[in-house]
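Here is the file input_36.cif (mmCIF, N, CA and C atoms).
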```cif
data_coords
loop_
_atom_site.label_atom_id
_atom_site.label_comp_id
_atom_site.auth_asym_id
_atom_site.auth_seq_id
_atom_site.Cartn_x
_atom_site.Cartn_y
_atom_site.Cartn_z
N MET A 21 105.21 122.71 82.28
CA MET A 21 105.83 122.40 83.56
C MET A 21 105.48 123.49 84.56
N SER A 22 104.99 123.11 85.70
CA SER A 22 104.62 124.11 86.70
C SER A 22 105.41 123.99 87.99
N GLY A 23 106.27 122.96 88.11
CA GLY A 23 107.09 122.84 89.31
C GLY A 23 108.11 123.97 89.37
N ARG A 24 108.63 124.20 90.55
CA ARG A 24 109.61 125.27 90.73
C ARG A 24 111.03 124.71 90.68
N TRP A 25 111.94 125.54 90.18
CA TRP A 25 113.36 125.21 90.17
C TRP A 25 113.93 125.39 91.57
N PHE A 26 115.09 124.81 91.80
CA PHE A 26 115.75 124.92 93.10
C PHE A 26 115.88 126.38 93.53
N GLU A 27 116.29 127.25 92.61
CA GLU A 27 116.51 128.65 92.94
C GLU A 27 115.24 129.40 93.34
N ASP A 28 114.09 128.84 93.02
CA ASP A 28 112.81 129.49 93.32
C ASP A 28 112.34 129.30 94.75
N TRP A 29 113.02 128.43 95.51
CA TRP A 29 112.56 128.11 96.86
C TRP A 29 113.38 128.83 97.91
N SER A 30 112.72 129.25 98.99
CA SER A 30 113.37 129.83 100.17
C SER A 30 112.71 129.25 101.42
N ILE A 31 113.49 129.12 102.47
CA ILE A 31 112.94 128.64 103.73
C ILE A 31 111.80 129.56 104.15
N GLY A 32 110.71 128.97 104.55
CA GLY A 32 109.53 129.71 104.99
C GLY A 32 108.48 129.89 103.91
N ASP A 33 108.83 129.64 102.64
CA ASP A 33 107.82 129.71 101.59
C ASP A 33 106.68 128.75 101.92
N THR A 34 105.45 129.15 101.65
CA THR A 34 104.31 128.27 101.86
C THR A 34 103.43 128.25 100.61
N VAL A 35 102.84 127.10 100.38
CA VAL A 35 101.93 126.92 99.25
C VAL A 35 100.68 126.23 99.78
N VAL A 36 99.54 126.82 99.50
CA VAL A 36 98.26 126.15 99.76
C VAL A 36 97.80 125.64 98.41
N HIS A 37 97.80 124.34 98.24
CA HIS A 37 97.52 123.73 96.94
C HIS A 37 96.03 123.78 96.62
N ALA A 38 95.74 124.16 95.39
CA ALA A 38 94.34 124.37 94.98
C ALA A 38 93.57 123.06 94.77
N ILE A 39 94.27 122.02 94.36
CA ILE A 39 93.59 120.76 94.06
C ILE A 39 93.11 120.11 95.36
N ARG A 40 91.86 119.67 95.35
CA ARG A 40 91.27 118.91 96.47
C ARG A 40 90.80 117.58 95.91
N ARG A 41 90.59 116.61 96.79
CA ARG A 41 90.17 115.30 96.31
C ARG A 41 89.30 114.64 97.35
N THR A 42 88.12 114.17 96.94
CA THR A 42 87.26 113.40 97.82
C THR A 42 87.63 111.93 97.70
N VAL A 43 87.85 111.29 98.83
CA VAL A 43 88.27 109.90 98.90
C VAL A 43 87.06 109.00 98.67
N THR A 44 87.22 108.01 97.79
CA THR A 44 86.12 107.10 97.48
C THR A 44 86.38 105.70 98.02
N GLU A 45 85.33 104.92 98.04
CA GLU A 45 85.46 103.51 98.43
C GLU A 45 86.38 102.78 97.47
N THR A 46 86.29 103.12 96.19
CA THR A 46 87.15 102.49 95.18
C THR A 46 88.62 102.79 95.46
N ASP A 47 88.95 104.03 95.82
CA ASP A 47 90.34 104.37 96.16
C ASP A 47 90.86 103.44 97.25
N ASN A 48 90.09 103.31 98.32
CA ASN A 48 90.50 102.49 99.46
C ASN A 48 90.61 101.02 99.09
N LEU A 49 89.65 100.52 98.33
CA LEU A 49 89.67 99.11 97.92
C LEU A 49 90.87 98.83 97.03
N LEU A 50 91.13 99.71 96.06
CA LEU A 50 92.25 99.50 95.14
C LEU A 50 93.59 99.50 95.85
N ILE A 51 93.86 100.50 96.69
CA ILE A 51 95.17 100.55 97.35
C ILE A 51 95.35 99.35 98.27
N SER A 52 94.29 98.95 98.94
CA SER A 52 94.39 97.80 99.85
C SER A 52 94.66 96.51 99.09
N THR A 53 93.97 96.30 97.97
CA THR A 53 94.18 95.06 97.22
C THR A 53 95.48 95.10 96.41
N LEU A 54 95.82 96.26 95.85
CA LEU A 54 97.08 96.35 95.09
C LEU A 54 98.30 96.11 95.96
N THR A 55 98.20 96.45 97.23
CA THR A 55 99.33 96.26 98.15
C THR A 55 99.19 95.00 99.00
N HIS A 56 98.20 94.17 98.69
CA HIS A 56 97.96 92.91 99.41
C HIS A 56 97.76 93.14 100.91
N ASN A 57 97.05 94.20 101.27
CA ASN A 57 96.79 94.53 102.66
C ASN A 57 95.37 94.08 103.02
N PRO A 58 95.25 92.95 103.75
CA PRO A 58 93.92 92.43 104.08
C PRO A 58 93.33 92.98 105.38
N GLN A 59 93.86 94.08 105.90
CA GLN A 59 93.39 94.63 107.18
C GLN A 59 91.87 94.85 107.15
N PRO A 60 91.13 94.14 108.02
CA PRO A 60 89.67 94.29 108.00
C PRO A 60 89.19 95.70 108.34
N LEU A 61 89.98 96.48 109.05
CA LEU A 61 89.60 97.86 109.35
C LEU A 61 89.41 98.67 108.07
N HIS A 62 90.10 98.25 106.98
CA HIS A 62 90.01 98.95 105.70
C HIS A 62 88.99 98.32 104.75
N LEU A 63 88.62 97.06 104.98
CA LEU A 63 87.85 96.33 103.97
C LEU A 63 86.54 95.71 104.44
N ASP A 64 86.33 95.60 105.72
CA ASP A 64 85.19 94.87 106.25
C ASP A 64 84.32 95.82 107.08
N ALA A 65 83.20 96.25 106.52
CA ALA A 65 82.33 97.23 107.17
C ALA A 65 81.79 96.72 108.51
N GLU A 66 81.46 95.43 108.60
CA GLU A 66 80.94 94.89 109.85
C GLU A 66 82.01 94.90 110.93
N TYR A 67 83.22 94.50 110.56
CA TYR A 67 84.33 94.54 111.51
C TYR A 67 84.58 95.99 111.96
N ALA A 68 84.70 96.90 110.99
CA ALA A 68 85.03 98.30 111.28
C ALA A 68 83.95 98.95 112.15
N ALA A 69 82.70 98.54 111.98
CA ALA A 69 81.60 99.11 112.77
C ALA A 69 81.78 98.83 114.26
N LYS A 70 82.49 97.77 114.60
CA LYS A 70 82.70 97.38 115.99
C LYS A 70 83.94 98.02 116.60
N THR A 71 84.67 98.80 115.83
CA THR A 71 85.87 99.46 116.34
C THR A 71 85.52 100.83 116.90
N GLU A 72 86.47 101.49 117.48
CA GLU A 72 86.25 102.84 118.02
C GLU A 72 85.88 103.85 116.94
N PHE A 73 86.19 103.53 115.67
CA PHE A 73 85.90 104.44 114.57
C PHE A 73 84.47 104.29 114.05
N GLY A 74 83.89 103.10 114.21
CA GLY A 74 82.50 102.87 113.83
C GLY A 74 82.27 102.67 112.34
N LYS A 75 83.31 102.78 111.57
CA LYS A 75 83.19 102.59 110.12
C LYS A 75 84.58 102.35 109.54
N ILE A 76 84.62 102.02 108.26
CA ILE A 76 85.88 101.74 107.58
C ILE A 76 86.80 102.97 107.64
N VAL A 77 88.06 102.72 107.96
CA VAL A 77 89.10 103.74 107.94
C VAL A 77 89.90 103.55 106.65
N VAL A 78 90.12 104.64 105.94
CA VAL A 78 90.87 104.57 104.68
C VAL A 78 92.32 104.17 104.97
N ASN A 79 92.84 103.29 104.15
CA ASN A 79 94.22 102.83 104.23
C ASN A 79 95.16 104.03 104.27
N GLY A 80 96.01 104.07 105.28
CA GLY A 80 96.92 105.21 105.46
C GLY A 80 97.90 105.41 104.33
N THR A 81 98.27 104.33 103.63
CA THR A 81 99.20 104.51 102.52
C THR A 81 98.55 105.30 101.39
N PHE A 82 97.23 105.19 101.25
CA PHE A 82 96.53 106.00 100.25
C PHE A 82 96.54 107.47 100.68
N THR A 83 96.23 107.71 101.94
CA THR A 83 96.21 109.08 102.45
C THR A 83 97.57 109.75 102.23
N PHE A 84 98.63 109.05 102.56
CA PHE A 84 99.99 109.58 102.38
C PHE A 84 100.28 109.86 100.91
N ALA A 85 99.99 108.89 100.04
CA ALA A 85 100.27 109.06 98.61
C ALA A 85 99.43 110.18 98.01
N LEU A 86 98.17 110.29 98.42
CA LEU A 86 97.33 111.37 97.92
C LEU A 86 97.87 112.72 98.35
N MET A 87 98.30 112.83 99.59
CA MET A 87 98.86 114.09 100.07
C MET A 87 100.04 114.51 99.20
N ILE A 88 100.94 113.59 98.93
CA ILE A 88 102.10 113.93 98.09
C ILE A 88 101.63 114.30 96.69
N GLY A 89 100.73 113.52 96.13
CA GLY A 89 100.24 113.80 94.79
C GLY A 89 99.59 115.17 94.66
N LEU A 90 98.86 115.59 95.67
CA LEU A 90 98.21 116.89 95.63
C LEU A 90 99.21 118.04 95.59
N THR A 91 100.45 117.79 96.01
CA THR A 91 101.46 118.85 96.08
C THR A 91 102.36 118.94 94.86
N VAL A 92 102.42 117.89 94.06
CA VAL A 92 103.42 117.80 92.99
C VAL A 92 103.34 118.93 91.97
N GLU A 93 102.15 119.27 91.52
CA GLU A 93 102.03 120.28 90.47
C GLU A 93 102.68 121.60 90.87
N ASP A 94 102.53 121.99 92.12
CA ASP A 94 103.05 123.28 92.58
C ASP A 94 104.49 123.20 93.10
N THR A 95 105.03 122.01 93.24
CA THR A 95 106.36 121.89 93.84
C THR A 95 107.40 121.35 92.86
N THR A 96 107.24 120.13 92.41
CA THR A 96 108.33 119.47 91.68
C THR A 96 107.97 118.95 90.29
N LEU A 97 106.81 119.30 89.77
CA LEU A 97 106.41 118.80 88.45
C LEU A 97 107.38 119.29 87.38
N GLY A 98 108.14 118.37 86.81
CA GLY A 98 109.09 118.68 85.75
C GLY A 98 110.45 119.14 86.23
N THR A 99 110.61 119.38 87.53
CA THR A 99 111.91 119.83 88.06
C THR A 99 112.54 118.81 89.00
N LEU A 100 111.83 117.76 89.32
CA LEU A 100 112.34 116.74 90.24
C LEU A 100 113.40 115.88 89.58
N VAL A 101 114.53 115.71 90.28
CA VAL A 101 115.51 114.70 89.88
C VAL A 101 115.15 113.39 90.57
N ALA A 102 114.94 113.46 91.89
CA ALA A 102 114.57 112.27 92.67
C ALA A 102 114.07 112.68 94.04
N ASN A 103 113.14 111.92 94.58
CA ASN A 103 112.78 112.06 95.98
C ASN A 103 113.84 111.30 96.77
N LEU A 104 114.44 111.95 97.76
CA LEU A 104 115.52 111.35 98.52
C LEU A 104 115.03 110.64 99.77
N GLY A 105 113.85 110.99 100.23
CA GLY A 105 113.32 110.32 101.40
C GLY A 105 112.16 111.07 102.01
N TYR A 106 111.48 110.36 102.88
CA TYR A 106 110.34 110.90 103.62
C TYR A 106 110.64 110.65 105.09
N ASP A 107 110.32 111.62 105.92
CA ASP A 107 110.64 111.51 107.34
C ASP A 107 109.44 112.01 108.15
N LYS A 108 109.36 111.54 109.38
CA LYS A 108 108.35 112.01 110.32
C LYS A 108 106.93 111.94 109.75
N VAL A 109 106.62 110.83 109.11
CA VAL A 109 105.26 110.63 108.59
C VAL A 109 104.35 110.39 109.79
N ARG A 110 103.28 111.20 109.87
CA ARG A 110 102.33 111.08 110.97
C ARG A 110 100.92 111.15 110.42
N MET A 111 100.03 110.43 111.07
CA MET A 111 98.61 110.45 110.71
C MET A 111 97.80 110.67 111.98
N PRO A 112 97.66 111.93 112.40
CA PRO A 112 97.03 112.20 113.68
C PRO A 112 95.52 112.00 113.74
N LYS A 113 94.86 111.95 112.60
CA LYS A 113 93.41 111.72 112.55
C LYS A 113 93.11 110.72 111.44
N PRO A 114 92.08 109.89 111.60
CA PRO A 114 91.72 108.95 110.54
C PRO A 114 91.05 109.65 109.36
N VAL A 115 91.13 109.00 108.21
CA VAL A 115 90.42 109.45 107.01
C VAL A 115 89.33 108.43 106.72
N PHE A 116 88.14 108.93 106.37
CA PHE A 116 87.01 108.08 106.08
C PHE A 116 86.57 108.28 104.64
N ILE A 117 85.91 107.26 104.09
CA ILE A 117 85.36 107.37 102.74
C ILE A 117 84.41 108.57 102.71
N GLY A 118 84.57 109.41 101.71
CA GLY A 118 83.76 110.61 101.59
C GLY A 118 84.46 111.87 102.10
N ASP A 119 85.58 111.72 102.81
CA ASP A 119 86.32 112.90 103.24
C ASP A 119 86.97 113.58 102.04
N THR A 120 87.04 114.89 102.07
CA THR A 120 87.70 115.66 101.01
C THR A 120 89.00 116.22 101.59
N LEU A 121 90.11 115.89 100.93
CA LEU A 121 91.42 116.28 101.43
C LEU A 121 92.02 117.39 100.58
N ARG A 122 92.77 118.25 101.25
CA ARG A 122 93.53 119.30 100.59
C ARG A 122 94.92 119.28 101.22
N ALA A 123 95.88 119.95 100.58
CA ALA A 123 97.25 119.92 101.08
C ALA A 123 97.85 121.31 101.13
N GLU A 124 98.84 121.43 101.99
CA GLU A 124 99.62 122.65 102.09
C GLU A 124 101.08 122.26 102.32
N THR A 125 101.97 123.14 101.90
CA THR A 125 103.39 122.84 101.97
C THR A 125 104.14 124.04 102.51
N GLU A 126 105.11 123.78 103.38
CA GLU A 126 106.04 124.81 103.85
C GLU A 126 107.46 124.33 103.56
N ILE A 127 108.32 125.24 103.13
CA ILE A 127 109.72 124.90 102.88
C ILE A 127 110.48 125.06 104.18
N VAL A 128 111.13 123.97 104.64
CA VAL A 128 111.85 124.01 105.91
C VAL A 128 113.36 123.96 105.75
N ASP A 129 113.85 123.62 104.56
CA ASP A 129 115.29 123.63 104.32
C ASP A 129 115.55 123.68 102.81
N VAL A 130 116.58 124.42 102.45
CA VAL A 130 117.03 124.52 101.06
C VAL A 130 118.55 124.53 101.10
N ARG A 131 119.17 123.60 100.39
CA ARG A 131 120.64 123.59 100.37
C ARG A 131 121.16 123.02 99.06
N ALA A 132 122.32 123.47 98.67
CA ALA A 132 122.95 122.98 97.44
C ALA A 132 123.34 121.52 97.62
N SER A 133 123.30 120.78 96.54
CA SER A 133 123.77 119.40 96.56
C SER A 133 125.29 119.39 96.44
N GLU A 134 125.94 118.61 97.28
CA GLU A 134 127.39 118.52 97.22
C GLU A 134 127.86 117.66 96.04
N SER A 135 127.04 116.72 95.64
CA SER A 135 127.45 115.80 94.58
C SER A 135 126.90 116.15 93.20
N ARG A 136 125.92 117.01 93.14
CA ARG A 136 125.29 117.37 91.86
C ARG A 136 125.18 118.88 91.72
N PRO A 137 126.08 119.48 90.97
CA PRO A 137 126.04 120.94 90.83
C PRO A 137 124.82 121.44 90.07
N ASN A 138 124.11 120.56 89.37
CA ASN A 138 122.93 120.95 88.60
C ASN A 138 121.63 120.83 89.40
N ALA A 139 121.75 120.58 90.72
CA ALA A 139 120.55 120.37 91.53
C ALA A 139 120.81 120.79 92.97
N GLY A 140 119.72 120.92 93.71
CA GLY A 140 119.80 121.21 95.13
C GLY A 140 118.75 120.41 95.88
N ILE A 141 118.86 120.41 97.19
CA ILE A 141 117.94 119.63 98.03
C ILE A 141 116.96 120.57 98.72
N VAL A 142 115.69 120.30 98.51
CA VAL A 142 114.62 121.08 99.14
C VAL A 142 113.88 120.14 100.09
N THR A 143 113.65 120.60 101.31
CA THR A 143 112.86 119.82 102.26
C THR A 143 111.51 120.48 102.41
N PHE A 144 110.49 119.72 102.03
CA PHE A 144 109.10 120.16 102.07
C PHE A 144 108.43 119.59 103.32
N ALA A 145 107.70 120.42 104.06
CA ALA A 145 106.83 119.93 105.12
C ALA A 145 105.42 119.95 104.54
N HIS A 146 104.91 118.76 104.24
CA HIS A 146 103.58 118.63 103.65
C HIS A 146 102.57 118.31 104.75
N ARG A 147 101.37 118.88 104.61
CA ARG A 147 100.26 118.57 105.51
C ARG A 147 99.00 118.38 104.68
N ALA A 148 98.24 117.35 105.03
CA ALA A 148 96.92 117.13 104.42
C ALA A 148 95.87 117.40 105.48
N ARG A 149 94.82 118.11 105.06
CA ARG A 149 93.71 118.41 105.97
C ARG A 149 92.41 117.89 105.36
N ASN A 150 91.50 117.49 106.23
CA ASN A 150 90.18 117.07 105.77
C ASN A 150 89.26 118.28 105.64
N GLN A 151 88.01 118.04 105.31
CA GLN A 151 87.05 119.12 105.10
C GLN A 151 86.74 119.91 106.36
N HIS A 152 87.16 119.40 107.51
CA HIS A 152 86.95 120.09 108.78
C HIS A 152 88.18 120.90 109.20
N GLY A 153 89.22 120.85 108.35
CA GLY A 153 90.46 121.56 108.65
C GLY A 153 91.41 120.79 109.55
N GLU A 154 91.07 119.55 109.89
CA GLU A 154 91.91 118.74 110.75
C GLU A 154 93.07 118.14 109.96
N VAL A 155 94.27 118.16 110.53
CA VAL A 155 95.42 117.53 109.89
C VAL A 155 95.24 116.02 109.98
N VAL A 156 95.26 115.34 108.83
CA VAL A 156 95.10 113.89 108.79
C VAL A 156 96.39 113.17 108.40
N CYS A 157 97.34 113.92 107.84
CA CYS A 157 98.63 113.33 107.48
C CYS A 157 99.64 114.46 107.35
N GLU A 158 100.88 114.19 107.72
CA GLU A 158 101.95 115.16 107.53
C GLU A 158 103.27 114.42 107.43
N CYS A 159 104.23 115.06 106.76
CA CYS A 159 105.55 114.47 106.64
C CYS A 159 106.55 115.51 106.17
N LEU A 160 107.81 115.15 106.25
CA LEU A 160 108.88 115.90 105.61
C LEU A 160 109.29 115.11 104.37
N ARG A 161 109.44 115.80 103.25
CA ARG A 161 109.90 115.15 102.01
C ARG A 161 111.16 115.87 101.55
N MET A 162 112.25 115.11 101.40
CA MET A 162 113.49 115.65 100.88
C MET A 162 113.56 115.31 99.40
N ALA A 163 113.72 116.36 98.57
CA ALA A 163 113.72 116.15 97.12
C ALA A 163 114.94 116.82 96.50
N LEU A 164 115.52 116.13 95.54
CA LEU A 164 116.60 116.69 94.73
C LEU A 164 115.94 117.37 93.55
N VAL A 165 116.09 118.70 93.48
CA VAL A 165 115.38 119.52 92.50
C VAL A 165 116.38 120.17 91.57
N ARG A 166 116.05 120.15 90.29
CA ARG A 166 116.95 120.70 89.27
C ARG A 166 117.13 122.21 89.42
N ARG A 167 118.35 122.65 89.09
CA ARG A 167 118.64 124.07 88.97
C ARG A 167 118.30 124.49 87.55
N ARG A 168 118.09 125.77 87.34
CA ARG A 168 117.86 126.29 85.98
C ARG A 168 119.12 126.07 85.15
N GLU A 169 118.91 125.77 83.88
CA GLU A 169 120.05 125.66 82.97
C GLU A 169 120.67 127.04 82.80
N PRO A 170 122.01 127.16 82.81
CA PRO A 170 122.64 128.47 82.63
C PRO A 170 122.40 129.05 81.25
#
```

Give the structure from the file, written as structure tokens.
Amino acid sequence: MSGRWFEDWSIGDTVVHAIRRTVTETDNLLISTLTHNPQPLHLDAEYAAKTEFGKIVVNGTFTFALMIGLTVEDTTLGTLVANLGYDKVRMPKPVFIGDTLRAETEIVDVRASESRPNAGIVTFAHRARNQHGEVVCECLRMALVRRREP
């Protein structure tokens, strides 16, 4: 287990996650078909070529999910009770097939749980950047994280 316990987090802590991932055509095709999303911007190269982007744009739900996945090992792997919610999800730049994404996390809030004495709530500000350093996705994630056993 490499995730951190509730007591290990402080406001202002930052993590630059080591894992990177290059987005493939298969990634985009799978997420689009698994979620029944027929958006031609994600699936039709001829259609996408006529848009302002000039090529297929990767489905944003994949970008979001990949960003969260890239952060799990360093944040909540084995210590998560539950994700309580995601807020302020933004995608300021498009992601294209072949882009390599990395993630970084800042802790913006840490507080004890009122209903669960064995856990606390950590708010993570996650950001995904492409190979050019541009932010392509960001969000706040509120997670219920286990406390160390006494």

Exercise. Which value, in Å to one decimal, gives the distance between CA of Asp47 (chain A) and atom N of Phe84 (chain A)?
Worked result: 11.5 Å

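Coordinates place CA of Gln151 (chain A) at a distance of 6.9 Å from atom C of Leu121 (chain A).
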
For this session: Go ahead and compute the interatomic distance for atom C of Asn79 (chain A) and CA of Glu154 (chain A), in Å to one decimal.
Result: 16.4 Å

Exercise. So, counting only C-alpha atoms, which residue among A:Val35, A:Val78, A:Ala65, A:Val92 is closest to Ile51 (chain A)?
Worked result: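 Of the candidates, the smallest distance to Ile51 (chain A) is held by A:Val78.
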
For this session: List every protein, DNA or RNA residue that has at least one atom no more than 6 Å from (91.7, 113.9, 99.7) in the file's coordinates, counting all atoms listed in the file, and write the result as a list of chain:residue names.
Result: A:Arg40, A:Arg41, A:Thr42, A:Val43, A:Asp119, A:Thr120, A:Leu121, A:Arg122

For this session: Run the PyMOL selection byres ((chain A and resi 131) around 5) on the file and write out the hits as a PyMOL selection string.
Result: chain A and resi 129-130+132-133+140-141

Residue selection dump (N, CA and C atoms) as an mmCIF file, in the coordinates of the input:
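Output contents, as saved in part.cif:
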```cif
data_model
loop_
_atom_site.group_PDB
_atom_site.id
_atom_site.type_symbol
_atom_site.label_atom_id
_atom_site.label_comp_id
_atom_site.auth_asym_id
_atom_site.auth_seq_id
_atom_site.Cartn_x
_atom_site.Cartn_y
_atom_site.Cartn_z
ATOM 1 N N ASP A 129 113.850 123.620 104.560
ATOM 2 C CA ASP A 129 115.290 123.630 104.320
ATOM 3 C C ASP A 129 115.550 123.680 102.810
ATOM 4 N N VAL A 130 116.580 124.420 102.450
ATOM 5 C CA VAL A 130 117.030 124.520 101.060
ATOM 6 C C VAL A 130 118.550 124.530 101.100
ATOM 7 N N ALA A 132 122.320 123.470 98.670
ATOM 8 C CA ALA A 132 122.950 122.980 97.440
ATOM 9 C C ALA A 132 123.340 121.520 97.620
ATOM 10 N N SER A 133 123.300 120.780 96.540
ATOM 11 C CA SER A 133 123.770 119.400 96.560
ATOM 12 C C SER A 133 125.290 119.390 96.440
ATOM 13 N N GLY A 140 119.720 120.920 93.710
ATOM 14 C CA GLY A 140 119.800 121.210 95.130
ATOM 15 C C GLY A 140 118.750 120.410 95.880
ATOM 16 N N ILE A 141 118.860 120.410 97.190
ATOM 17 C CA ILE A 141 117.940 119.630 98.030
ATOM 18 C C ILE A 141 116.960 120.570 98.720
#
```

Exercise. What's the 12 Å shell around Asp28 (chain A), counting only C-alpha atoms, without same-chain residues fewer than 2 positions away, as a PyMOL selection string?
Worked result: chain A and resi 22-26+30-31+33+94-96+99+127+130+140+142+165-168

Decode the PyMOL selection byres (((chain A and resi 110 and name CA) around 9) and name CA) for the given file into explicit residues and return them as a compact mmCIF listing (two decimals) with N, CA and C atoms, keeping the file's coordinate frame.
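Generated output (expr_1.txt):
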```
# COMPACT_ATOMS: atom_id res chain seq x y z
N LYS A 108 109.36 111.54 109.38
CA LYS A 108 108.35 112.01 110.32
C LYS A 108 106.93 111.94 109.75
N VAL A 109 106.62 110.83 109.11
CA VAL A 109 105.26 110.63 108.59
C VAL A 109 104.35 110.39 109.79
N MET A 111 100.03 110.43 111.07
CA MET A 111 98.61 110.45 110.71
C MET A 111 97.80 110.67 111.98
N PRO A 112 97.66 111.93 112.40
CA PRO A 112 97.03 112.20 113.68
C PRO A 112 95.52 112.00 113.74
N VAL A 156 95.26 115.34 108.83
CA VAL A 156 95.10 113.89 108.79
C VAL A 156 96.39 113.17 108.40
N CYS A 157 97.34 113.92 107.84
CA CYS A 157 98.63 113.33 107.48
C CYS A 157 99.64 114.46 107.35
N GLU A 158 100.88 114.19 107.72
CA GLU A 158 101.95 115.16 107.53
C GLU A 158 103.27 114.42 107.43
N CYS A 159 104.23 115.06 106.76
CA CYS A 159 105.55 114.47 106.64
C CYS A 159 106.55 115.51 106.17
```

Any chance you could model all heavy atoms for region 145-151 of chain A and send them as a PDB file, keeping the file's coordinate frame?
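And here's out24.pdb as it stands now:
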```
ATOM      1  N   ALA A 145     107.700 120.420 104.060  1.00  0.00           N
ATOM      2  CA  ALA A 145     106.830 119.930 105.120  1.00  0.00           C
ATOM      3  C   ALA A 145     105.420 119.950 104.540  1.00  0.00           C
ATOM      4  O   ALA A 145     104.843 121.006 104.318  1.00  0.00           O
ATOM      5  CB  ALA A 145     106.913 120.831 106.354  1.00  0.00           C
ATOM      6  N   HIS A 146     104.910 118.760 104.240  1.00  0.00           N
ATOM      7  CA  HIS A 146     103.580 118.630 103.650  1.00  0.00           C
ATOM      8  C   HIS A 146     102.570 118.310 104.750  1.00  0.00           C
ATOM      9  O   HIS A 146     102.867 117.543 105.665  1.00  0.00           O
ATOM     10  CB  HIS A 146     103.544 117.475 102.637  1.00  0.00           C
ATOM     11  CG  HIS A 146     104.416 117.667 101.444  1.00  0.00           C
ATOM     12  ND1 HIS A 146     104.344 118.766 100.628  1.00  0.00           N
ATOM     13  CD2 HIS A 146     105.368 116.856 100.917  1.00  0.00           C
ATOM     14  CE1 HIS A 146     105.214 118.635  99.636  1.00  0.00           C
ATOM     15  NE2 HIS A 146     105.852 117.496  99.788  1.00  0.00           N
ATOM     16  N   ARG A 147     101.370 118.880 104.610  1.00  0.00           N
ATOM     17  CA  ARG A 147     100.260 118.570 105.510  1.00  0.00           C
ATOM     18  C   ARG A 147      99.000 118.380 104.680  1.00  0.00           C
ATOM     19  O   ARG A 147      98.728 119.159 103.772  1.00  0.00           O
ATOM     20  CB  ARG A 147     100.024 119.720 106.499  1.00  0.00           C
ATOM     21  CG  ARG A 147     100.980 119.765 107.661  1.00  0.00           C
ATOM     22  CD  ARG A 147     100.731 120.955 108.568  1.00  0.00           C
ATOM     23  NE  ARG A 147     100.916 122.231 107.891  1.00  0.00           N
ATOM     24  CZ  ARG A 147     102.094 122.780 107.600  1.00  0.00           C
ATOM     25  NH1 ARG A 147     103.211 122.149 107.915  1.00  0.00           N
ATOM     26  NH2 ARG A 147     102.156 123.950 106.997  1.00  0.00           N
ATOM     27  N   ALA A 148      98.240 117.350 105.030  1.00  0.00           N
ATOM     28  CA  ALA A 148      96.920 117.130 104.420  1.00  0.00           C
ATOM     29  C   ALA A 148      95.870 117.400 105.480  1.00  0.00           C
ATOM     30  O   ALA A 148      96.015 116.975 106.635  1.00  0.00           O
ATOM     31  CB  ALA A 148      96.780 115.712 103.894  1.00  0.00           C
ATOM     32  N   ARG A 149      94.820 118.110 105.060  1.00  0.00           N
ATOM     33  CA  ARG A 149      93.710 118.410 105.970  1.00  0.00           C
ATOM     34  C   ARG A 149      92.410 117.890 105.360  1.00  0.00           C
ATOM     35  O   ARG A 149      92.247 117.894 104.153  1.00  0.00           O
ATOM     36  CB  ARG A 149      93.591 119.918 106.187  1.00  0.00           C
ATOM     37  CG  ARG A 149      94.772 120.528 106.912  1.00  0.00           C
ATOM     38  CD  ARG A 149      94.563 122.028 107.135  1.00  0.00           C
ATOM     39  NE  ARG A 149      95.733 122.639 107.719  1.00  0.00           N
ATOM     40  CZ  ARG A 149      95.993 122.716 109.020  1.00  0.00           C
ATOM     41  NH1 ARG A 149      95.119 122.208 109.883  1.00  0.00           N
ATOM     42  NH2 ARG A 149      97.080 123.289 109.461  1.00  0.00           N
ATOM     43  N   ASN A 150      91.500 117.490 106.230  1.00  0.00           N
ATOM     44  CA  ASN A 150      90.180 117.070 105.770  1.00  0.00           C
ATOM     45  C   ASN A 150      89.260 118.280 105.640  1.00  0.00           C
ATOM     46  O   ASN A 150      89.687 119.427 105.866  1.00  0.00           O
ATOM     47  CB  ASN A 150      89.587 115.975 106.673  1.00  0.00           C
ATOM     48  CG  ASN A 150      89.337 116.455 108.088  1.00  0.00           C
ATOM     49  OD1 ASN A 150      89.277 117.653 108.392  1.00  0.00           O
ATOM     50  ND2 ASN A 150      89.176 115.500 108.992  1.00  0.00           N
ATOM     51  N   GLN A 151      88.010 118.040 105.310  1.00  0.00           N
ATOM     52  CA  GLN A 151      87.050 119.120 105.100  1.00  0.00           C
ATOM     53  C   GLN A 151      86.740 119.910 106.360  1.00  0.00           C
ATOM     54  O   GLN A 151      86.163 120.992 106.305  1.00  0.00           O
ATOM     55  CB  GLN A 151      85.752 118.567 104.475  1.00  0.00           C
ATOM     56  CG  GLN A 151      84.947 117.656 105.369  1.00  0.00           C
ATOM     57  CD  GLN A 151      85.404 116.198 105.333  1.00  0.00           C
ATOM     58  OE1 GLN A 151      86.489 115.867 104.831  1.00  0.00           O
ATOM     59  NE2 GLN A 151      84.568 115.307 105.852  1.00  0.00           N
TER      60      GLN A 151
END
```
